[in-house]
Amino acid sequence: MDENTIQMLQNRAQEIRKHVLEMVYKAQSGHIGGSFSEADIMAALYFHILKVNPEEPKWDGRDRFVLSKGHACPALYAALAMRGFYSMDKLDTLRQFGSLLQGHPVIKTPGIDMTSGSLGVGFATAVGIALDEKIAKRDDYQVYTLLGDGELNEGIVWEAAQTANKYRFNNLVAIVDRNKIQNDGRSDDIMPVEPIDKKFEAFGWKTWKIDGHNMEEIVSALETARDYRDGPGCIIAYTVKGKGVSFMEDDHYWHGKAPNQEQFSKAMQELQGGAA
């Protein structure tokens, strides 16, 4: 990939983080930490990988994306607005009554392929979407889903993983946001999940491990997983919760906390200074 494309995607990721910060601050509610950790992945998906059409959100040939870690939807909402699925001013309505942008994704929102939020269910739904394509004997779109590492505590994830392997879904790519933190603390203290790659491999998946903030690695892994034709693929992206703001990084306090005015100003200053 050329340097200009990498630079563009890095800039998009930083822009996503700024929008997330503004959205959660204005709403005084929402999930910053996991939205920041997934921002680079979202930028790569929506500005390079996914085959979508903002002017026709339900276009039949589009790639499908399910945000299984639905609480981290601010980053998804920002990416969709930036991609043109709805106007940017909609971002100011996060979590308001009647808004398209609720606290978890809902299918009525343009660009959202499935309602999600209950952990593990989004991943299982993505497996179902991949099955639907195979039943229809189509092969014109890919299904992508993004999970949190704490989400791997849910049994439904592994039931769905078995199903994907049984039917050899070569149209399915899962991405695990391995930021090592969930709502109540460090994921490995609450319920150890490693070795994630060996577990998915035991369930018949091909795996790749990457730095989830290295854009070249992200894009390369997504392209490789997309082109893998022997079954389902899983990318384990090692990330930092709250990435981009020093006092939020690697701190479970910022899993679902909104900043006050002073924290907002300091965080925005860091994000603006750190723009790629």
# chains A, B, ... in the order shown; residues from 1 in each chain; ligands from 1
>>> residues_around(residues="A:Gly33", least_positions_apart="3", cutoff="12 Å", atoms="only C-alpha atoms", output="PyMOL selection string")
chain A and resi 17+20-21+24+30+36-39+71-75+148+177+179-183+239-259
>>> write_last_selection(atoms="N, CA and C atoms", output="CSV table (one decimal), in the first residue's frame")
chain,number,residue,atom,x,y,z
A,17,ARG,N,-11.7,9.5,16.3
A,17,ARG,CA,-11.5,9.7,17.7
A,17,ARG,C,-12.0,11.1,18.2
A,20,VAL,N,-15.7,11.0,18.3
A,20,VAL,CA,-16.2,10.2,19.4
A,20,VAL,C,-16.1,11.1,20.7
A,21,LEU,N,-15.0,11.8,20.9
A,21,LEU,CA,-14.8,12.6,22.1
A,21,LEU,C,-15.9,13.6,22.2
A,24,VAL,N,-19.5,11.9,22.9
A,24,VAL,CA,-19.7,11.4,24.3
A,24,VAL,C,-19.7,12.6,25.3
A,30,GLY,N,-21.7,7.4,27.2
A,30,GLY,CA,-21.2,6.7,26.1
A,30,GLY,C,-19.8,6.1,26.4
A,36,PHE,N,-12.0,4.4,21.1
A,36,PHE,CA,-10.7,4.8,20.7
A,36,PHE,C,-9.8,3.6,20.3
A,37,SER,N,-10.0,2.5,21.0
A,37,SER,CA,-9.1,1.4,20.6
A,37,SER,C,-9.4,0.8,19.3
A,38,GLU,N,-10.7,0.9,18.8
A,38,GLU,CA,-11.1,0.3,17.5
A,38,GLU,C,-11.0,1.3,16.4
A,39,ALA,N,-10.7,2.6,16.6
A,39,ALA,CA,-10.8,3.6,15.6
A,39,ALA,C,-9.9,3.3,14.4
A,71,HIS,N,-21.5,-1.6,22.4
A,71,HIS,CA,-21.4,-0.4,23.2
A,71,HIS,C,-20.4,0.6,22.7
A,72,ALA,N,-19.5,0.1,21.8
A,72,ALA,CA,-18.4,1.0,21.3
A,72,ALA,C,-18.9,1.6,19.9
A,73,CYS,N,-20.2,1.8,19.8
A,73,CYS,CA,-20.8,2.3,18.6
A,73,CYS,C,-20.4,3.8,18.2
A,74,PRO,N,-20.0,4.6,19.2
A,74,PRO,CA,-19.6,6.0,18.7
A,74,PRO,C,-18.6,6.0,17.6
A,75,ALA,N,-17.6,5.1,17.6
A,75,ALA,CA,-16.7,5.1,16.5
A,75,ALA,C,-17.3,4.7,15.2
A,148,GLY,N,-15.1,-7.5,21.2
A,148,GLY,CA,-14.2,-7.1,22.3
A,148,GLY,C,-13.6,-8.4,22.9
A,177,ASP,N,-10.9,-7.0,19.2
A,177,ASP,CA,-10.2,-5.8,19.7
A,177,ASP,C,-9.6,-6.2,21.0
A,179,ASN,N,-7.9,-5.2,23.6
A,179,ASN,CA,-7.4,-4.0,24.4
A,179,ASN,C,-7.1,-4.4,25.9
A,180,LYS,N,-7.5,-5.6,26.3
A,180,LYS,CA,-7.1,-6.2,27.6
A,180,LYS,C,-7.9,-5.6,28.8
A,181,ILE,N,-8.9,-4.8,28.5
A,181,ILE,CA,-9.7,-4.1,29.5
A,181,ILE,C,-11.2,-4.2,29.2
A,182,GLN,N,-12.0,-4.5,30.3
A,182,GLN,CA,-13.4,-4.5,30.1
A,182,GLN,C,-14.0,-3.6,31.2
A,183,ASN,N,-15.3,-3.5,31.4
A,183,ASN,CA,-15.9,-2.5,32.3
A,183,ASN,C,-15.4,-2.6,33.7
A,239,THR,N,-4.5,-3.9,20.9
A,239,THR,CA,-4.8,-2.4,20.9
A,239,THR,C,-4.6,-1.9,22.4
A,240,VAL,N,-4.8,-0.6,22.5
A,240,VAL,CA,-4.8,0.1,23.8
A,240,VAL,C,-6.1,0.8,24.0
A,241,LYS,N,-6.7,0.4,25.1
A,241,LYS,CA,-8.0,1.1,25.5
A,241,LYS,C,-7.7,2.6,25.7
A,242,GLY,N,-8.6,3.4,25.1
A,242,GLY,CA,-8.4,4.8,25.2
A,242,GLY,C,-7.3,5.4,24.4
A,243,LYS,N,-6.9,4.7,23.3
A,243,LYS,CA,-5.7,5.1,22.5
A,243,LYS,C,-5.9,6.5,22.0
A,244,GLY,N,-4.8,7.3,22.2
A,244,GLY,CA,-4.7,8.6,21.7
A,244,GLY,C,-4.8,9.7,22.7
A,245,VAL,N,-5.3,9.4,23.9
A,245,VAL,CA,-5.4,10.4,25.0
A,245,VAL,C,-4.6,9.8,26.2
A,246,SER,N,-3.6,10.4,26.6
A,246,SER,CA,-2.6,9.8,27.6
A,246,SER,C,-3.3,9.4,28.9
A,247,PHE,N,-4.2,10.2,29.4
A,247,PHE,CA,-4.8,9.9,30.7
A,247,PHE,C,-6.0,8.9,30.6
A,248,MET,N,-6.3,8.6,29.4
A,248,MET,CA,-7.4,7.6,29.2
A,248,MET,C,-6.8,6.2,28.9
A,249,GLU,N,-5.6,6.2,28.4
A,249,GLU,CA,-5.0,4.9,27.9
A,249,GLU,C,-4.8,3.9,28.9
A,250,ASP,N,-5.3,2.7,28.6
A,250,ASP,CA,-5.0,1.5,29.5
A,250,ASP,C,-5.6,1.6,30.9
A,251,ASP,N,-6.8,2.3,30.9
A,251,ASP,CA,-7.5,2.6,32.2
A,251,ASP,C,-8.9,2.2,32.1
A,252,HIS,N,-9.4,1.2,32.9
A,252,HIS,CA,-10.8,0.8,32.7
A,252,HIS,C,-11.8,1.8,33.2
A,253,TYR,N,-11.3,2.8,33.9
A,253,TYR,CA,-12.2,3.9,34.3
A,253,TYR,C,-12.9,4.6,33.1
A,254,TRP,N,-12.2,4.5,31.9
A,254,TRP,CA,-12.7,5.2,30.7
A,254,TRP,C,-13.4,4.2,29.8
A,255,HIS,N,-13.8,3.1,30.3
A,255,HIS,CA,-14.6,2.2,29.5
A,255,HIS,C,-15.9,2.8,29.1
A,256,GLY,N,-16.6,3.4,30.1
A,256,GLY,CA,-17.9,4.0,29.8
A,256,GLY,C,-18.1,5.3,30.5
A,257,LYS,N,-17.1,6.1,30.6
A,257,LYS,CA,-17.2,7.4,31.3
A,257,LYS,C,-17.1,8.5,30.4
A,258,ALA,N,-17.9,9.5,30.6
A,258,ALA,CA,-17.9,10.8,29.8
A,258,ALA,C,-17.0,11.8,30.5
A,259,PRO,N,-16.2,12.5,29.8
A,259,PRO,CA,-15.3,13.5,30.4
A,259,PRO,C,-16.0,14.8,30.8
>>> residues_around(residues="A:Leu67", least_positions_apart="4", cutoff="7 Å", atoms="only C-alpha atoms", output="PDB file with C-alpha atoms, in the first residue's frame")
ATOM      1  CA  SER A 116     -26.261  -5.421  18.589  1.00  0.00           C
ATOM      2  CA  GLY A 122     -23.603  -9.776  17.236  1.00  0.00           C
ATOM      3  CA  THR A 145     -17.645  -8.586  12.683  1.00  0.00           C
ATOM      4  CA  LEU A 146     -15.724  -6.854  15.462  1.00  0.00           C
ATOM      5  CA  LEU A 147     -15.664  -8.287  18.992  1.00  0.00           C
TER       6      LEU A 147
END
>>> select_by_dssp(residues="stretch 2-232 of chain A", states="alpha helix (DSSP H)", output="mmCIF file with C-alpha atoms, in the first residue's frame")
data_model
loop_
_atom_site.group_PDB
_atom_site.id
_atom_site.type_symbol
_atom_site.label_atom_id
_atom_site.label_comp_id
_atom_site.auth_asym_id
_atom_site.auth_seq_id
_atom_site.Cartn_x
_atom_site.Cartn_y
_atom_site.Cartn_z
ATOM 1 C CA GLU A 3 2.209 5.969 1.851
ATOM 2 C CA ASN A 4 -0.532 8.424 0.858
ATOM 3 C CA THR A 5 -3.227 5.828 1.499
ATOM 4 C CA ILE A 6 -1.725 4.928 4.871
ATOM 5 C CA GLN A 7 -1.559 8.604 5.794
ATOM 6 C CA MET A 8 -5.179 9.140 4.742
ATOM 7 C CA LEU A 9 -6.363 6.199 6.855
ATOM 8 C CA GLN A 10 -4.375 7.366 9.872
ATOM 9 C CA ASN A 11 -5.950 10.799 9.532
ATOM 10 C CA ARG A 12 -9.409 9.230 9.282
ATOM 11 C CA ALA A 13 -8.787 7.254 12.469
ATOM 12 C CA GLN A 14 -7.755 10.383 14.323
ATOM 13 C CA GLU A 15 -10.821 12.195 13.001
ATOM 14 C CA ILE A 16 -13.004 9.354 14.270
ATOM 15 C CA ARG A 17 -11.489 9.735 17.740
ATOM 16 C CA LYS A 18 -12.183 13.479 17.768
ATOM 17 C CA HIS A 19 -15.803 12.940 16.791
ATOM 18 C CA VAL A 20 -16.184 10.246 19.448
ATOM 19 C CA LEU A 21 -14.819 12.586 22.097
ATOM 20 C CA GLU A 22 -17.222 15.351 21.066
ATOM 21 C CA MET A 23 -20.203 12.998 20.885
ATOM 22 C CA VAL A 24 -19.690 11.441 24.300
ATOM 23 C CA TYR A 25 -18.898 14.798 25.914
ATOM 24 C CA LYS A 26 -22.054 16.422 24.543
ATOM 25 C CA ALA A 27 -24.195 13.423 25.507
ATOM 26 C CA GLY A 33 -12.199 3.701 25.696
ATOM 27 C CA GLY A 34 -13.267 0.942 23.344
ATOM 28 C CA SER A 35 -14.226 3.399 20.622
ATOM 29 C CA PHE A 36 -10.700 4.827 20.681
ATOM 30 C CA SER A 37 -9.079 1.385 20.627
ATOM 31 C CA GLU A 38 -11.063 0.342 17.536
ATOM 32 C CA ALA A 39 -10.755 3.634 15.628
ATOM 33 C CA ASP A 40 -7.871 2.515 13.400
ATOM 34 C CA ILE A 41 -9.731 -0.665 12.487
ATOM 35 C CA MET A 42 -12.890 1.312 11.681
ATOM 36 C CA ALA A 43 -10.944 3.673 9.445
ATOM 37 C CA ALA A 44 -9.393 0.780 7.533
ATOM 38 C CA CYS A 73 -20.786 2.328 18.591
ATOM 39 C CA PRO A 74 -19.628 5.984 18.745
ATOM 40 C CA ALA A 75 -16.653 5.102 16.530
ATOM 41 C CA LEU A 76 -18.954 3.277 14.112
ATOM 42 C CA TYR A 77 -21.383 6.209 14.019
ATOM 43 C CA ALA A 78 -18.536 8.623 13.309
ATOM 44 C CA ALA A 79 -17.199 6.428 10.485
ATOM 45 C CA LEU A 80 -20.653 6.105 8.911
ATOM 46 C CA ALA A 81 -21.219 9.866 9.018
ATOM 47 C CA MET A 82 -17.777 10.553 7.558
ATOM 48 C CA ARG A 83 -18.500 7.997 4.819
ATOM 49 C CA VAL A 121 -25.016 -12.032 19.966
ATOM 50 C CA GLY A 122 -23.603 -9.776 17.236
ATOM 51 C CA PHE A 123 -20.906 -12.325 16.453
ATOM 52 C CA ALA A 124 -23.499 -15.116 16.283
ATOM 53 C CA THR A 125 -25.657 -12.964 14.016
ATOM 54 C CA ALA A 126 -22.699 -12.365 11.684
ATOM 55 C CA VAL A 127 -22.295 -16.139 11.430
ATOM 56 C CA GLY A 128 -25.984 -16.325 10.528
ATOM 57 C CA ILE A 129 -25.564 -13.674 7.837
ATOM 58 C CA ALA A 130 -22.659 -15.656 6.376
ATOM 59 C CA LEU A 131 -24.878 -18.762 6.392
ATOM 60 C CA ASP A 132 -27.637 -16.882 4.586
ATOM 61 C CA GLU A 133 -25.254 -15.989 1.754
ATOM 62 C CA LYS A 134 -24.219 -19.628 1.403
ATOM 63 C CA ILE A 135 -27.832 -20.884 1.452
ATOM 64 C CA GLY A 155 -20.382 -19.064 25.475
ATOM 65 C CA ILE A 156 -22.432 -18.045 22.443
ATOM 66 C CA VAL A 157 -19.207 -16.863 20.782
ATOM 67 C CA TRP A 158 -17.761 -20.370 20.792
ATOM 68 C CA GLU A 159 -21.039 -22.013 19.756
ATOM 69 C CA ALA A 160 -21.149 -19.690 16.753
ATOM 70 C CA ALA A 161 -17.451 -20.292 16.051
ATOM 71 C CA GLN A 162 -18.175 -24.034 15.823
ATOM 72 C CA THR A 163 -20.972 -23.377 13.352
ATOM 73 C CA ALA A 164 -18.771 -21.206 11.143
ATOM 74 C CA ASN A 165 -16.186 -23.959 11.043
ATOM 75 C CA LYS A 166 -18.702 -26.730 10.316
ATOM 76 C CA SER A 187 -9.852 -8.826 31.131
ATOM 77 C CA ASP A 188 -7.231 -11.358 32.181
ATOM 78 C CA ASP A 189 -8.049 -10.790 35.862
ATOM 79 C CA ILE A 190 -11.791 -11.155 35.329
ATOM 80 C CA ILE A 196 -7.021 -16.434 21.701
ATOM 81 C CA ASP A 197 -5.363 -17.539 18.471
ATOM 82 C CA LYS A 198 -5.010 -21.154 19.610
ATOM 83 C CA LYS A 199 -8.618 -21.233 20.793
ATOM 84 C CA PHE A 200 -9.973 -20.015 17.456
ATOM 85 C CA GLU A 201 -7.628 -22.389 15.637
ATOM 86 C CA ALA A 202 -8.960 -25.268 17.767
ATOM 87 C CA MET A 215 -2.343 0.803 9.775
ATOM 88 C CA GLU A 216 -0.174 -1.187 7.396
ATOM 89 C CA GLU A 217 -0.618 -4.324 9.502
ATOM 90 C CA ILE A 218 -4.369 -3.738 9.838
ATOM 91 C CA VAL A 219 -4.948 -3.346 6.110
ATOM 92 C CA SER A 220 -2.651 -6.229 5.187
ATOM 93 C CA ALA A 221 -4.423 -8.565 7.621
ATOM 94 C CA LEU A 222 -7.888 -7.507 6.457
ATOM 95 C CA GLU A 223 -6.942 -8.054 2.821
ATOM 96 C CA THR A 224 -5.347 -11.423 3.585
ATOM 97 C CA ALA A 225 -8.354 -12.563 5.630
ATOM 98 C CA ARG A 226 -10.744 -11.409 2.915
ATOM 99 C CA ASP A 227 -8.891 -13.444 0.301
#
>>> residues_around(residues="A:Cys234", least_positions_apart="5", cutoff="9 Å", atoms="only C-alpha atoms", output="JSON, numbers by chain")
{"A": [172, 173, 174, 175, 176, 197, 200, 201, 205, 206, 207, 208, 209, 225]}
